[in-house]
file input.tsv (TSV, C-alpha atoms and all ligand atoms)
chain	number	residue	atom	x	y	z
V	27	MET	CA	-15.51	-57.50	-60.63
V	28	MET	CA	-14.35	-53.98	-61.34
V	29	LEU	CA	-14.59	-51.52	-58.47
V	30	ALA	CA	-17.46	-49.44	-59.93
V	31	ALA	CA	-19.55	-52.56	-60.66
V	32	ARG	CA	-18.77	-54.02	-57.25
V	33	LEU	CA	-19.88	-50.83	-55.52
V	34	ARG	CA	-23.06	-50.61	-57.53
V	35	ALA	CA	-23.95	-54.26	-56.89
V	36	GLY	CA	-23.16	-53.92	-53.19
V	37	PHE	CA	-25.24	-50.76	-52.94
V	38	VAL	CA	-28.24	-52.37	-54.63
V	39	ASP	CA	-27.83	-55.41	-52.43
V	40	ALA	CA	-27.75	-53.33	-49.24
V	41	TYR	CA	-30.42	-50.77	-50.07
V	42	GLY	CA	-32.54	-52.25	-52.88
V	43	ALA	CA	-32.06	-49.56	-55.54
V	44	ALA	CA	-29.25	-47.89	-57.49
V	45	PRO	CA	-27.45	-44.87	-55.94
V	46	HIS	CA	-28.10	-41.29	-57.08
V	47	ILE	CA	-24.61	-39.89	-56.52
V	48	ASN	CA	-21.23	-41.50	-57.16
V	49	SER	CA	-17.78	-40.14	-56.41
V	50	ARG	CA	-14.20	-41.34	-56.54
V	51	ALA	CA	-10.92	-40.23	-55.01
V	52	PRO	CA	-7.52	-41.75	-55.79
V	53	GLY	CA	-4.79	-42.87	-53.43
V	54	ARG	CA	-1.42	-41.23	-53.86
V	55	VAL	CA	2.20	-42.11	-53.92
V	56	ASN	CA	4.59	-39.44	-52.75
V	57	LEU	CA	7.66	-39.21	-54.99
V	58	ILE	CA	9.64	-37.04	-52.57
V	59	GLY	CA	9.24	-34.65	-49.63
V	60	GLU	CA	8.30	-36.85	-46.66
V	61	HIS	CA	7.02	-35.59	-43.31
V	62	THR	CA	7.53	-32.13	-44.77
V	63	ASP	CA	3.84	-31.21	-45.10
V	64	TYR	CA	3.16	-30.52	-41.43
V	65	ASN	CA	6.41	-28.56	-41.34
V	66	ASP	CA	4.92	-26.15	-43.90
V	67	GLY	CA	7.28	-27.50	-46.56
V	68	PHE	CA	7.15	-29.14	-49.99
V	69	ALA	CA	6.08	-32.53	-51.32
V	70	MET	CA	5.63	-34.00	-54.79
V	71	PRO	CA	3.04	-36.80	-55.08
V	72	ILE	CA	1.17	-38.36	-57.98
V	73	ALA	CA	-2.33	-39.82	-57.74
V	74	ILE	CA	-2.43	-43.57	-58.41
V	75	GLY	CA	-4.88	-45.88	-60.15
V	76	ALA	CA	-6.17	-47.41	-56.92
V	77	GLU	CA	-9.01	-45.42	-55.42
V	78	THR	CA	-11.97	-45.26	-53.05
V	79	ARG	CA	-15.50	-44.91	-54.39
V	80	VAL	CA	-18.60	-43.72	-52.60
V	81	ALA	CA	-22.22	-44.23	-53.67
V	82	PHE	CA	-24.96	-42.22	-52.02
V	83	THR	CA	-28.70	-41.68	-52.11
V	84	PRO	CA	-29.69	-38.82	-49.82
V	85	VAL	CA	-32.91	-39.01	-47.80
V	86	ALA	CA	-33.77	-35.75	-46.02
V	87	GLY	CA	-34.36	-36.11	-42.29
V	88	ALA	CA	-33.20	-39.73	-42.14
V	89	ASP	CA	-30.20	-41.27	-40.36
V	90	LEU	CA	-27.10	-41.77	-42.42
V	91	GLN	CA	-26.58	-45.48	-43.04
V	92	VAL	CA	-23.09	-46.44	-44.14
V	93	ALA	CA	-21.99	-49.78	-45.57
V	94	ALA	CA	-18.25	-50.48	-45.86
V	95	LEU	CA	-18.52	-53.15	-48.54
V	96	ASP	CA	-14.91	-54.32	-48.42
V	97	LEU	CA	-15.16	-54.97	-44.69
V	98	GLY	CA	-18.75	-56.22	-44.52
V	99	GLU	CA	-19.36	-53.67	-41.76
V	100	CYS	CA	-21.82	-50.83	-41.34
V	101	ASP	CA	-22.63	-47.78	-39.29
V	102	ARG	CA	-25.68	-45.65	-38.67
V	103	PHE	CA	-25.97	-42.23	-37.06
V	104	SER	CA	-27.80	-38.95	-37.27
V	105	PRO	CA	-25.70	-36.53	-39.37
V	106	ALA	CA	-26.83	-33.63	-37.18
V	107	ARG	CA	-25.60	-35.25	-33.95
V	108	VAL	CA	-22.53	-37.21	-34.90
V	109	GLY	CA	-19.81	-38.12	-32.40
V	110	ALA	CA	-16.60	-40.14	-32.53
V	111	LEU	CA	-16.63	-43.85	-31.60
V	112	PRO	CA	-13.80	-44.97	-29.30
V	113	GLY	CA	-11.66	-47.34	-31.38
V	114	GLY	CA	-14.08	-46.69	-34.24
V	115	GLY	CA	-11.61	-47.42	-37.10
V	116	TRP	CA	-13.05	-46.55	-40.52
V	117	ARG	CA	-16.28	-45.29	-38.95
V	118	ASN	CA	-14.46	-42.31	-37.47
V	119	TYR	CA	-13.22	-41.23	-40.91
V	120	VAL	CA	-16.83	-41.10	-42.09
V	121	ARG	CA	-18.17	-39.56	-38.90
V	122	GLY	CA	-15.31	-37.06	-38.78
V	123	THR	CA	-15.97	-35.98	-42.38
V	124	VAL	CA	-19.68	-35.48	-41.69
V	125	ASP	CA	-18.83	-33.54	-38.53
V	126	GLU	CA	-16.41	-31.22	-40.34
V	127	LEU	CA	-18.89	-30.57	-43.15
V	128	THR	CA	-21.54	-29.69	-40.58
V	129	ARG	CA	-19.09	-27.34	-38.85
V	130	ALA	CA	-18.45	-25.73	-42.24
V	131	GLY	CA	-22.16	-24.95	-42.50
V	132	ILE	CA	-23.12	-27.74	-44.90
V	133	ALA	CA	-26.47	-29.39	-44.17
V	134	VAL	CA	-25.41	-33.02	-44.59
V	135	PRO	CA	-28.47	-35.10	-45.38
V	136	GLY	CA	-29.02	-38.63	-44.11
V	137	GLY	CA	-29.59	-41.46	-46.51
V	138	MET	CA	-27.94	-44.58	-47.81
V	139	LEU	CA	-24.23	-44.64	-48.46
V	140	ALA	CA	-21.82	-47.36	-49.49
V	141	ILE	CA	-18.02	-47.36	-49.74
V	142	ALA	CA	-15.69	-49.62	-51.70
V	143	GLY	CA	-12.06	-49.27	-52.65
V	144	ASN	CA	-8.96	-51.02	-53.86
V	145	ILE	CA	-6.19	-49.24	-51.97
V	146	ALA	CA	-4.68	-51.68	-49.51
V	147	ARG	CA	-4.89	-50.18	-46.01
V	148	GLY	CA	-1.72	-49.61	-44.04
V	149	THR	CA	0.47	-49.49	-47.14
V	150	GLY	CA	1.25	-45.78	-47.16
V	151	LEU	CA	-0.88	-45.02	-50.22
V	152	SER	CA	-3.49	-42.92	-48.42
V	153	SER	CA	-6.61	-45.04	-48.29
V	154	SER	CA	-8.00	-42.88	-45.49
V	155	ALA	CA	-7.44	-39.58	-47.30
V	156	SER	CA	-9.09	-40.94	-50.43
V	157	LEU	CA	-12.08	-42.09	-48.38
V	158	GLU	CA	-12.46	-38.64	-46.82
V	159	VAL	CA	-12.08	-36.82	-50.13
V	160	ALA	CA	-14.55	-39.11	-51.95
V	161	LEU	CA	-17.02	-38.64	-49.10
V	162	VAL	CA	-16.73	-34.85	-49.23
V	163	HIS	CA	-17.47	-34.91	-52.97
V	164	ALA	CA	-20.55	-37.10	-52.53
V	165	LEU	CA	-21.92	-35.20	-49.53
V	166	LEU	CA	-21.35	-31.76	-51.09
V	167	ALA	CA	-23.12	-32.93	-54.24
V	168	ALA	CA	-26.04	-34.08	-52.11
V	169	ALA	CA	-26.16	-30.64	-50.48
V	170	GLY	CA	-26.05	-29.02	-53.92
V	171	VAL	CA	-22.76	-27.24	-53.22
V	172	GLU	CA	-19.56	-27.05	-55.29
V	173	TRP	CA	-16.21	-26.39	-53.68
V	174	PRO	CA	-12.71	-25.92	-55.15
V	175	ALA	CA	-10.42	-28.95	-54.86
V	176	LEU	CA	-8.19	-27.31	-52.23
V	177	ASP	CA	-11.11	-26.54	-49.92
V	178	ILE	CA	-12.26	-30.13	-50.23
V	179	ALA	CA	-8.75	-31.34	-49.39
V	180	LEU	CA	-8.39	-29.11	-46.34
V	181	LEU	CA	-11.74	-30.16	-44.93
V	182	ALA	CA	-10.80	-33.81	-45.46
V	183	GLN	CA	-7.53	-33.19	-43.64
V	184	ARG	CA	-9.38	-31.67	-40.69
V	185	ALA	CA	-11.63	-34.73	-40.69
V	186	GLU	CA	-8.59	-36.99	-40.27
V	187	CYS	CA	-7.15	-34.85	-37.47
V	188	GLY	CA	-10.50	-34.72	-35.69
V	189	PHE	CA	-12.17	-37.98	-34.75
V	190	PRO	CA	-9.36	-40.37	-35.83
V	191	GLY	CA	-6.86	-38.10	-34.03
V	192	VAL	CA	-3.96	-38.35	-36.50
V	193	ARG	CA	-2.25	-34.96	-36.62
V	194	CYS	CA	-1.54	-35.38	-40.32
V	195	GLY	CA	-0.46	-32.69	-42.75
V	196	ASN	CA	-2.26	-31.83	-45.97
V	197	LEU	CA	-0.23	-33.84	-48.50
V	198	ASP	CA	-2.49	-36.88	-48.87
V	199	GLN	CA	-5.76	-35.04	-49.19
V	200	ILE	CA	-4.37	-32.42	-51.61
V	201	ALA	CA	-2.81	-35.19	-53.70
V	202	SER	CA	-6.12	-37.03	-53.85
V	203	ALA	CA	-8.22	-33.95	-54.54
V	204	ALA	CA	-6.09	-31.74	-56.77
V	205	THR	CA	-3.81	-33.85	-59.00
V	206	ARG	CA	-4.06	-34.00	-62.78
V	207	ALA	CA	-3.76	-37.10	-64.95
V	208	GLY	CA	-0.29	-37.52	-66.41
V	209	HIS	CA	1.26	-35.07	-63.93
V	210	ALA	CA	3.04	-34.98	-60.62
V	211	LEU	CA	2.03	-32.19	-58.25
V	212	LEU	CA	4.53	-30.03	-56.38
V	213	ILE	CA	2.70	-28.79	-53.29
V	214	ASP	CA	3.78	-25.83	-51.22
V	215	CYS	CA	2.12	-27.03	-48.05
V	216	ARG	CA	2.20	-23.53	-46.50
V	217	SER	CA	1.02	-21.23	-49.27
V	218	LEU	CA	-0.94	-24.06	-50.94
V	219	ALA	CA	0.51	-23.03	-54.29
V	220	LEU	CA	0.38	-26.04	-56.59
V	221	ARG	CA	2.59	-26.73	-59.58
V	222	THR	CA	1.78	-29.55	-61.97
V	223	ILE	CA	4.75	-31.25	-63.55
V	224	ARG	CA	4.16	-33.29	-66.65
V	225	MET	CA	5.52	-36.79	-66.24
V	226	PRO	CA	7.97	-37.35	-69.11
V	227	ASP	CA	6.68	-40.01	-71.54
V	228	ASP	CA	9.34	-42.62	-71.01
V	229	VAL	CA	9.40	-42.39	-67.21
V	230	ALA	CA	7.76	-45.20	-65.23
V	231	VAL	CA	6.74	-45.06	-61.56
V	232	MET	CA	6.86	-48.42	-59.78
V	233	ILE	CA	5.38	-49.13	-56.35
V	234	VAL	CA	6.51	-52.20	-54.44
V	235	GLN	CA	4.80	-53.24	-51.21
V	236	SER	CA	7.15	-54.39	-48.49
V	237	GLY	CA	4.39	-56.43	-46.86
V	238	VAL	CA	5.17	-54.75	-43.54
V	239	GLU	CA	2.00	-53.04	-42.47
V	240	ARG	CA	2.35	-49.88	-40.55
V	241	GLY	CA	2.10	-50.76	-36.88
V	242	LEU	CA	1.29	-48.14	-34.24
V	243	VAL	CA	2.04	-45.62	-36.91
V	244	ASP	CA	-0.31	-43.02	-35.60
V	245	GLY	CA	1.48	-42.87	-32.26
V	246	GLU	CA	4.89	-42.75	-33.94
V	247	TYR	CA	3.59	-40.27	-36.47
V	248	ASN	CA	2.39	-37.85	-33.83
V	249	THR	CA	5.71	-38.29	-31.99
V	250	ARG	CA	7.63	-37.29	-35.11
V	251	ARG	CA	5.45	-34.26	-35.44
V	252	SER	CA	6.09	-33.20	-31.84
V	253	GLU	CA	9.84	-33.66	-32.32
V	254	CYS	CA	9.71	-31.39	-35.37
V	255	GLU	CA	7.76	-28.80	-33.44
V	256	ARG	CA	10.32	-28.97	-30.63
V	257	ALA	CA	13.12	-28.39	-33.14
V	258	ALA	CA	11.30	-25.46	-34.77
V	259	ALA	CA	10.66	-23.84	-31.39
V	260	PHE	CA	14.31	-24.24	-30.42
V	261	LEU	CA	15.51	-22.79	-33.73
V	262	GLY	CA	13.13	-19.87	-33.27
V	263	VAL	CA	11.14	-20.43	-36.47
V	264	ALA	CA	7.41	-20.83	-37.04
V	265	ALA	CA	7.98	-24.14	-38.83
V	266	LEU	CA	10.99	-26.14	-40.03
V	267	ARG	CA	10.26	-24.80	-43.50
V	268	ASP	CA	11.88	-21.60	-42.27
V	269	ALA	CA	15.02	-23.27	-40.91
V	270	ASP	CA	18.25	-23.68	-42.85
V	271	ASP	CA	21.60	-25.46	-42.62
V	272	ALA	CA	23.27	-22.56	-40.80
V	273	MET	CA	20.66	-22.64	-38.02
V	274	LEU	CA	21.02	-26.38	-37.79
V	275	HIS	CA	24.76	-26.11	-37.57
V	276	ALA	CA	24.54	-23.53	-34.81
V	277	ALA	CA	22.24	-25.86	-32.84
V	278	ILE	CA	24.66	-28.80	-32.75
V	279	GLY	CA	25.06	-29.98	-29.16
V	280	ARG	CA	22.41	-27.53	-27.92
V	281	LEU	CA	19.24	-28.95	-29.42
V	282	ASP	CA	18.62	-32.53	-28.26
V	283	ASP	CA	20.05	-35.07	-30.66
V	284	ARG	CA	16.77	-36.60	-31.71
V	285	ALA	CA	15.05	-33.32	-32.59
V	286	TRP	CA	18.24	-32.17	-34.35
V	287	HIS	CA	18.20	-35.20	-36.65
V	288	ARG	CA	14.48	-34.83	-37.34
V	289	ALA	CA	15.10	-31.22	-38.34
V	290	ARG	CA	17.98	-32.19	-40.61
V	291	HIS	CA	15.72	-34.61	-42.47
V	292	VAL	CA	12.96	-32.05	-42.95
V	293	ILE	CA	15.30	-29.25	-44.06
V	294	GLY	CA	16.97	-31.64	-46.50
V	295	ASP	CA	13.78	-33.17	-47.89
V	296	ASN	CA	12.24	-29.74	-48.48
V	297	ARG	CA	15.22	-28.81	-50.60
V	298	ARG	CA	15.21	-32.20	-52.30
V	299	ALA	CA	11.51	-31.92	-53.19
V	300	LEU	CA	12.10	-28.56	-54.88
V	301	ASP	CA	15.19	-29.84	-56.66
V	302	ALA	CA	13.42	-33.02	-57.75
V	303	ALA	CA	10.50	-31.03	-59.18
V	304	ARG	CA	12.95	-29.06	-61.29
V	305	ALA	CA	14.82	-32.19	-62.32
V	306	LEU	CA	11.68	-34.14	-63.25
V	307	ALA	CA	10.33	-31.21	-65.26
V	308	ALA	CA	13.62	-31.21	-67.18
V	309	ASP	CA	13.41	-35.00	-67.66
V	310	ASP	CA	16.64	-35.29	-65.67
V	311	LEU	CA	16.26	-38.71	-64.05
V	312	ILE	CA	19.88	-38.82	-62.95
V	313	ALA	CA	19.32	-35.90	-60.58
V	314	THR	CA	15.81	-37.07	-59.63
V	315	GLY	CA	17.16	-40.49	-58.75
V	316	ARG	CA	20.03	-39.15	-56.69
V	317	LEU	CA	17.62	-36.99	-54.70
V	318	MET	CA	15.34	-39.99	-54.08
V	319	ARG	CA	18.23	-42.12	-52.82
V	320	ASP	CA	19.34	-39.29	-50.52
V	321	SER	CA	15.79	-38.94	-49.28
V	322	HIS	CA	15.61	-42.62	-48.39
V	323	LEU	CA	18.87	-42.44	-46.45
V	324	SER	CA	17.66	-39.36	-44.62
V	325	GLN	CA	14.42	-41.11	-43.69
V	326	ALA	CA	16.45	-44.05	-42.40
V	327	GLN	CA	19.22	-42.24	-40.56
V	328	ASP	CA	17.72	-38.93	-39.44
V	329	PHE	CA	13.99	-39.47	-39.30
V	330	GLY	CA	14.00	-43.09	-38.13
V	331	ILE	CA	10.96	-44.21	-40.14
V	332	THR	CA	12.26	-46.97	-42.40
V	333	VAL	CA	12.32	-50.68	-41.54
V	334	PRO	CA	14.82	-53.34	-42.69
V	335	GLN	CA	12.39	-54.53	-45.37
V	336	THR	CA	11.95	-51.10	-46.98
V	337	ASP	CA	15.70	-50.48	-46.70
V	338	ARG	CA	16.30	-53.74	-48.52
V	339	LEU	CA	13.70	-53.01	-51.20
V	340	ALA	CA	15.08	-49.51	-51.79
V	341	ASP	CA	18.58	-51.01	-52.19
V	342	LEU	CA	17.30	-53.65	-54.61
V	343	LEU	CA	15.42	-51.15	-56.72
V	344	ASN	CA	18.25	-48.65	-56.75
V	345	ALA	CA	20.73	-51.31	-57.87
V	346	ALA	CA	18.40	-52.53	-60.64
V	347	ILE	CA	17.38	-49.05	-61.80
V	348	GLY	CA	20.95	-47.82	-62.24
V	349	VAL	CA	21.80	-44.11	-62.35
V	350	ASP	CA	18.83	-43.06	-64.47
V	351	GLY	CA	16.29	-42.87	-61.65
V	352	GLY	CA	16.03	-43.96	-58.04
V	353	ALA	CA	13.87	-45.38	-55.27
V	354	ARG	CA	12.84	-44.57	-51.72
V	355	GLN	CA	10.35	-45.54	-49.04
V	356	THR	CA	7.18	-43.51	-49.52
V	357	GLY	CA	4.45	-42.30	-47.16
V	358	GLY	CA	4.18	-42.11	-43.41
V	359	GLY	CA	6.73	-44.86	-42.89
V	360	PHE	CA	7.45	-47.82	-40.62
V	361	GLY	CA	6.96	-50.16	-43.56
V	362	GLY	CA	4.49	-49.73	-46.38
V	363	ALA	CA	5.71	-49.20	-49.91
V	364	VAL	CA	8.82	-48.22	-51.81
V	365	VAL	CA	8.49	-46.04	-54.91
V	366	GLY	CA	10.90	-46.17	-57.84
V	367	VAL	CA	11.22	-43.79	-60.77
V	368	MET	CA	12.98	-45.15	-63.86
V	369	ARG	CA	13.14	-45.23	-67.64
V	370	ARG	CA	10.48	-47.48	-69.13
V	371	ASP	CA	13.05	-49.78	-70.68
V	372	ARG	CA	14.28	-50.67	-67.17
V	373	VAL	CA	10.89	-51.80	-65.86
V	374	ASP	CA	11.19	-55.49	-66.74
V	375	ALA	CA	14.69	-55.82	-65.33
V	376	VAL	CA	13.73	-54.02	-62.12
V	377	ARG	CA	10.60	-56.13	-61.72
V	378	ASP	CA	12.60	-59.33	-62.27
V	379	ALA	CA	15.22	-58.31	-59.73
V	380	VAL	CA	12.64	-57.43	-57.08
V	381	LEU	CA	10.61	-60.60	-57.59
V	382	ALA	CA	13.74	-62.75	-57.55
V	383	HIS	CA	15.31	-61.27	-54.44
V	384	TYR	CA	12.61	-59.94	-52.12
V	385	ARG	CA	10.09	-61.82	-50.01
V	386	THR	CA	7.56	-60.22	-47.65
V	387	PRO	CA	7.64	-61.24	-43.98
V	388	ALA	CA	4.90	-63.76	-44.89
V	389	GLY	CA	7.28	-65.35	-47.41
V	390	THR	CA	5.40	-64.24	-50.53
V	391	PRO	CA	6.66	-62.23	-53.50
V	392	PRO	CA	5.77	-58.54	-53.05
V	393	ASP	CA	2.86	-56.77	-54.73
V	394	LEU	CA	4.26	-54.56	-57.42
V	395	CYS	CA	2.61	-52.17	-59.84
V	396	ILE	CA	3.42	-49.57	-62.45
V	397	GLU	CA	1.50	-46.35	-62.04
V	398	VAL	CA	0.30	-43.82	-64.56
V	399	PRO	CA	-0.40	-40.53	-62.75
V	400	ALA	CA	-4.19	-40.48	-62.28
V	401	ASP	CA	-6.69	-37.66	-62.15
V	402	GLY	CA	-7.76	-36.11	-58.84
V	403	ALA	CA	-11.10	-36.83	-57.22
V	404	GLY	CA	-14.55	-36.00	-58.53
V	405	LEU	CA	-18.08	-37.14	-59.19
V	406	VAL	CA	-18.49	-40.04	-61.61
V	407	ALA	CA	-21.30	-41.78	-63.43
V	408	GLY	CA	-22.43	-44.85	-61.48
Y	501	LIG	C1	1.12	-39.51	-43.89
Y	501	LIG	C2	0.37	-38.23	-43.53
Y	501	LIG	C3	0.79	-37.07	-44.45
Y	501	LIG	C4	2.31	-36.93	-44.53
Y	501	LIG	C5	2.97	-38.29	-44.78
Y	501	LIG	C6	4.45	-38.22	-44.69
Y	501	LIG	O1	0.73	-39.97	-45.13
Y	501	LIG	O2	-1.01	-38.43	-43.62
Y	501	LIG	O3	0.18	-35.87	-44.02
Y	501	LIG	O4	2.80	-36.33	-43.36
Y	501	LIG	O5	2.51	-39.29	-43.87
Y	501	LIG	O6	5.01	-37.44	-45.67
call {"tool": "encode", "arguments": {"input": "input.tsv", "output": "structure tokens"}}
result
Amino acid sequence: MMLAARLRAGFVDAYGAAPHINSRAPGRVNLIGEHTDYNDGFAMPIAIGAETRVAFTPVAGADLQVAALDLGECDRFSPARVGALPGGGWRNYVRGTVDELTRAGIAVPGGMLAIAGNIARGTGLSSSASLEVALVHALLAAAGVEWPALDIALLAQRAECGFPGVRCGNLDQIASAATRAGHALLIDCRSLALRTIRMPDDVAVMIVQSGVERGLVDGEYNTRRSECERAAAFLGVAALRDADDAMLHAAIGRLDDRAWHRARHVIGDNRRALDAARALAADDLIATGRLMRDSHLSQAQDFGITVPQTDRLADLLNAAIGVDGGARQTGGGFGGAVVGVMRRDRVDAVRDAVLAHYRTPAGTPPDLCIEVPADGAGLVAG
């Protein structure tokens, strides 16, 4: 059953009537600029076809009942007195979003809410951000309030940092909230200036799942962030966005080795994201591809967030794509997915090569899909 129909049926099943409000928010795949967002830098994602949907019927004064249809689990709390649950998993994304909306002065009503989605969790495609962004849309609509996409994204980001405790940047939520169909989005994560870049017609974006789910990523993620902050403090800048090669060079042997390498990745990927945006806009896949390959190597060697499976997949894709495009691990890291950008006439050959030569740790062929840049989040008909 299609996602919208599944959500509607699940909602009716759980609560006995159709929902009044429906929203959707896409996952994202980041083309380049990784772990740059919380360093005030640049990233260039597209929204993908997979998404999270929320259905809601507000009931003033009632508890908020929440059904996570894909998990067969539920939650119930008073929106006015919401707290985090230790080890609460998905519940803390919902609770955290309600809490942030309340802090922002929104009177979140109780009622009946259901969630369904088709973004595989732990694959680096931002299922949690899309859940938060879809929730914000539904709950704002219930409160009769309209917010700009960026405000929605920033509240959703705070929701993820709050109860779930991941000190994430703003890339995922901005990508989910503010992208445009058919376009990539260059985000200046400091000024929040956004530049849409039309995806050239004969360019295909392929996502291949390594089958390695991110393990302990939140701990590792927060560690990376602290290392970047240590490097920025040592270099005397507010954020690594403000650091350059000369500063890095001067810090050799003085800044600890680990923080030095983290900084080199961030400085390099910021530059690569800007260069890739220019290259993609000019339909220059040779340059785009080279930047993506460099970005993968930098993630592997300097940032320490790739795994043998994503290294292997990136190699396979890069070999099959040829010079006109490239591939790299995408997202938070430690497994997840690899993204490839290529000419459309290469898609079959690349798919064949990947399916012939890569097996997930479970021994199965990898999940693979071709993405058309999707539209950012919003309300939808049921
Ligand atoms: C995760 C975080 C983002 C970003 C990426 C890495 O997806 O949620 O904020 O830092 O990792 O680029």
call {"tool": "residues_near_point", "arguments": {"input": "input.tsv", "point": "(7.2, -45.5, -40.7)", "cutoff": "6 Å", "atoms": "all atoms listed in the file", "output": "number ranges by chain"}}
result
V: 331-332, 358-361
call {"tool": "write_last_selection", "arguments": {"input": "input.tsv", "atoms": "C-alpha atoms", "output": "PDB file, in the coordinates of the input"}}
result
ATOM      1  CA  ILE V 331      10.960 -44.210 -40.140  1.00  0.00           C
ATOM      2  CA  THR V 332      12.260 -46.970 -42.400  1.00  0.00           C
ATOM      3  CA  GLY V 358       4.180 -42.110 -43.410  1.00  0.00           C
ATOM      4  CA  GLY V 359       6.730 -44.860 -42.890  1.00  0.00           C
ATOM      5  CA  PHE V 360       7.450 -47.820 -40.620  1.00  0.00           C
ATOM      6  CA  GLY V 361       6.960 -50.160 -43.560  1.00  0.00           C
TER       7      GLY V 361
END
call {"tool": "closest_residue", "arguments": {"input": "input.tsv", "among": "V:Gly115, V:Gly53, V:Gly42, V:Gly109", "to": "V:Ser156", "atoms": "only C-alpha atoms"}}
result
V:Gly53
call {"tool": "residues_around", "arguments": {"input": "input.tsv", "residues": "stretch 253-270 of chain V", "least_positions_apart": "5", "cutoff": "6 Å", "atoms": "all atoms listed in the file", "output": "PyMOL selection string"}}
result
chain V and resi 65-67+285
call {"tool": "residues_near_ligand", "arguments": {"input": "input.tsv", "ligand": "ligand LIG 501 (chain Y)", "cutoff": "8 Å", "atoms": "only C-alpha atoms and all ligand atoms", "output": "list in words"}}
result
Asn56, Gly59, Glu60, His61, Thr62, Asp63, Tyr64, Ala69, Gly150, Leu151, Ser152, Ala155, Val192, Arg193, Cys194, Gly195, Asn196, Leu197, Asp198, Gln199, Tyr247, Thr356, Gly357, Gly358 and Gly359 of chain V
call {"tool": "residues_around", "arguments": {"input": "input.tsv", "residues": "V:Pro226", "least_positions_apart": "3", "cutoff": "8 Å", "atoms": "all atoms listed in the file", "output": "PyMOL selection string"}}
result
chain V and resi 229+306-307+309
call {"tool": "closest_residue", "arguments": {"input": "input.tsv", "among": "V:Pro112, V:Gly362, V:Gly402, V:Gly143", "to": "V:Leu29", "atoms": "all atoms listed in the file"}}
result
V:Gly143
call {"tool": "atom_distance", "arguments": {"input": "input.tsv", "atom1": "atom CA of V:Ile74", "atom2": "atom CA of V:Leu57"}}
result
11.5 Å
call {"tool": "residues_near_point", "arguments": {"input": "input.tsv", "point": "(-13.8, -40.2, -51.0)", "cutoff": "9 Å", "atoms": "all atoms listed in the file", "output": "compact mmCIF listing (two decimals) with C-alpha atoms, in the frame of the given file"}}
result
# COMPACT_ATOMS: atom_id res chain seq x y z
CA SER V 49 -17.78 -40.14 -56.41
CA ARG V 50 -14.20 -41.34 -56.54
CA ALA V 51 -10.92 -40.23 -55.01
CA PRO V 52 -7.52 -41.75 -55.79
CA GLU V 77 -9.01 -45.42 -55.42
CA THR V 78 -11.97 -45.26 -53.05
CA ARG V 79 -15.50 -44.91 -54.39
CA VAL V 80 -18.60 -43.72 -52.60
CA ILE V 141 -18.02 -47.36 -49.74
CA SER V 154 -8.00 -42.88 -45.49
CA ALA V 155 -7.44 -39.58 -47.30
CA SER V 156 -9.09 -40.94 -50.43
CA LEU V 157 -12.08 -42.09 -48.38
CA GLU V 158 -12.46 -38.64 -46.82
CA VAL V 159 -12.08 -36.82 -50.13
CA ALA V 160 -14.55 -39.11 -51.95
CA LEU V 161 -17.02 -38.64 -49.10
CA VAL V 162 -16.73 -34.85 -49.23
CA HIS V 163 -17.47 -34.91 -52.97
CA ALA V 164 -20.55 -37.10 -52.53
CA ALA V 182 -10.80 -33.81 -45.46
CA SER V 202 -6.12 -37.03 -53.85
CA ALA V 403 -11.10 -36.83 -57.22
CA GLY V 404 -14.55 -36.00 -58.53
call {"tool": "residues_around", "arguments": {"input": "input.tsv", "residues": "stretch 218-225 of chain V", "least_positions_apart": "6", "cutoff": "10 Å", "atoms": "all atoms listed in the file", "output": "ChimeraX atom specification"}}
result
/V:66-68,70,72,176,196,200,204-212,231,303-304,306-309,398-399
call {"tool": "closest_residue", "arguments": {"input": "input.tsv", "among": "V:Asn118, V:Ala146, V:Asp310, V:Gly75", "to": "V:Gly191", "atoms": "all atoms listed in the file"}}
result
V:Asn118
call {"tool": "atom_distance", "arguments": {"input": "input.tsv", "atom1": "atom CA of V:Ala400", "atom2": "atom CA of V:Ala31"}}
result
19.6 Å
call {"tool": "atom_distance", "arguments": {"input": "input.tsv", "atom1": "atom CA of V:Val120", "atom2": "atom CA of V:Glu239"}}
result
22.3 Å
call {"tool": "residues_around", "arguments": {"input": "input.tsv", "residues": "V:Ala185", "least_positions_apart": "5", "cutoff": "7 Å", "atoms": "only C-alpha atoms", "output": "number ranges by chain"}}
result
V: 119, 122-123, 126
call {"tool": "closest_residue", "arguments": {"input": "input.tsv", "among": "V:His383, V:Arg284, V:Arg377, V:Arg316", "to": "V:Asp350", "atoms": "all atoms listed in the file"}}
result
V:Arg316
call {"tool": "closest_residue", "arguments": {"input": "input.tsv", "among": "V:Ala140, V:Leu33, V:Leu317, V:Ala40", "to": "V:Ala94", "atoms": "only C-alpha atoms"}}
result
V:Ala140
call {"tool": "residues_around", "arguments": {"input": "input.tsv", "residues": "V:Asp101", "least_positions_apart": "4", "cutoff": "9 Å", "atoms": "only C-alpha atoms", "output": "PyMOL selection string"}}
result
chain V and resi 90-94+117
call {"tool": "closest_residue", "arguments": {"input": "input.tsv", "among": "V:Pro190, V:Arg298, V:Leu97, V:Ala382", "to": "V:Gly113", "atoms": "all atoms listed in the file"}}
result
V:Pro190
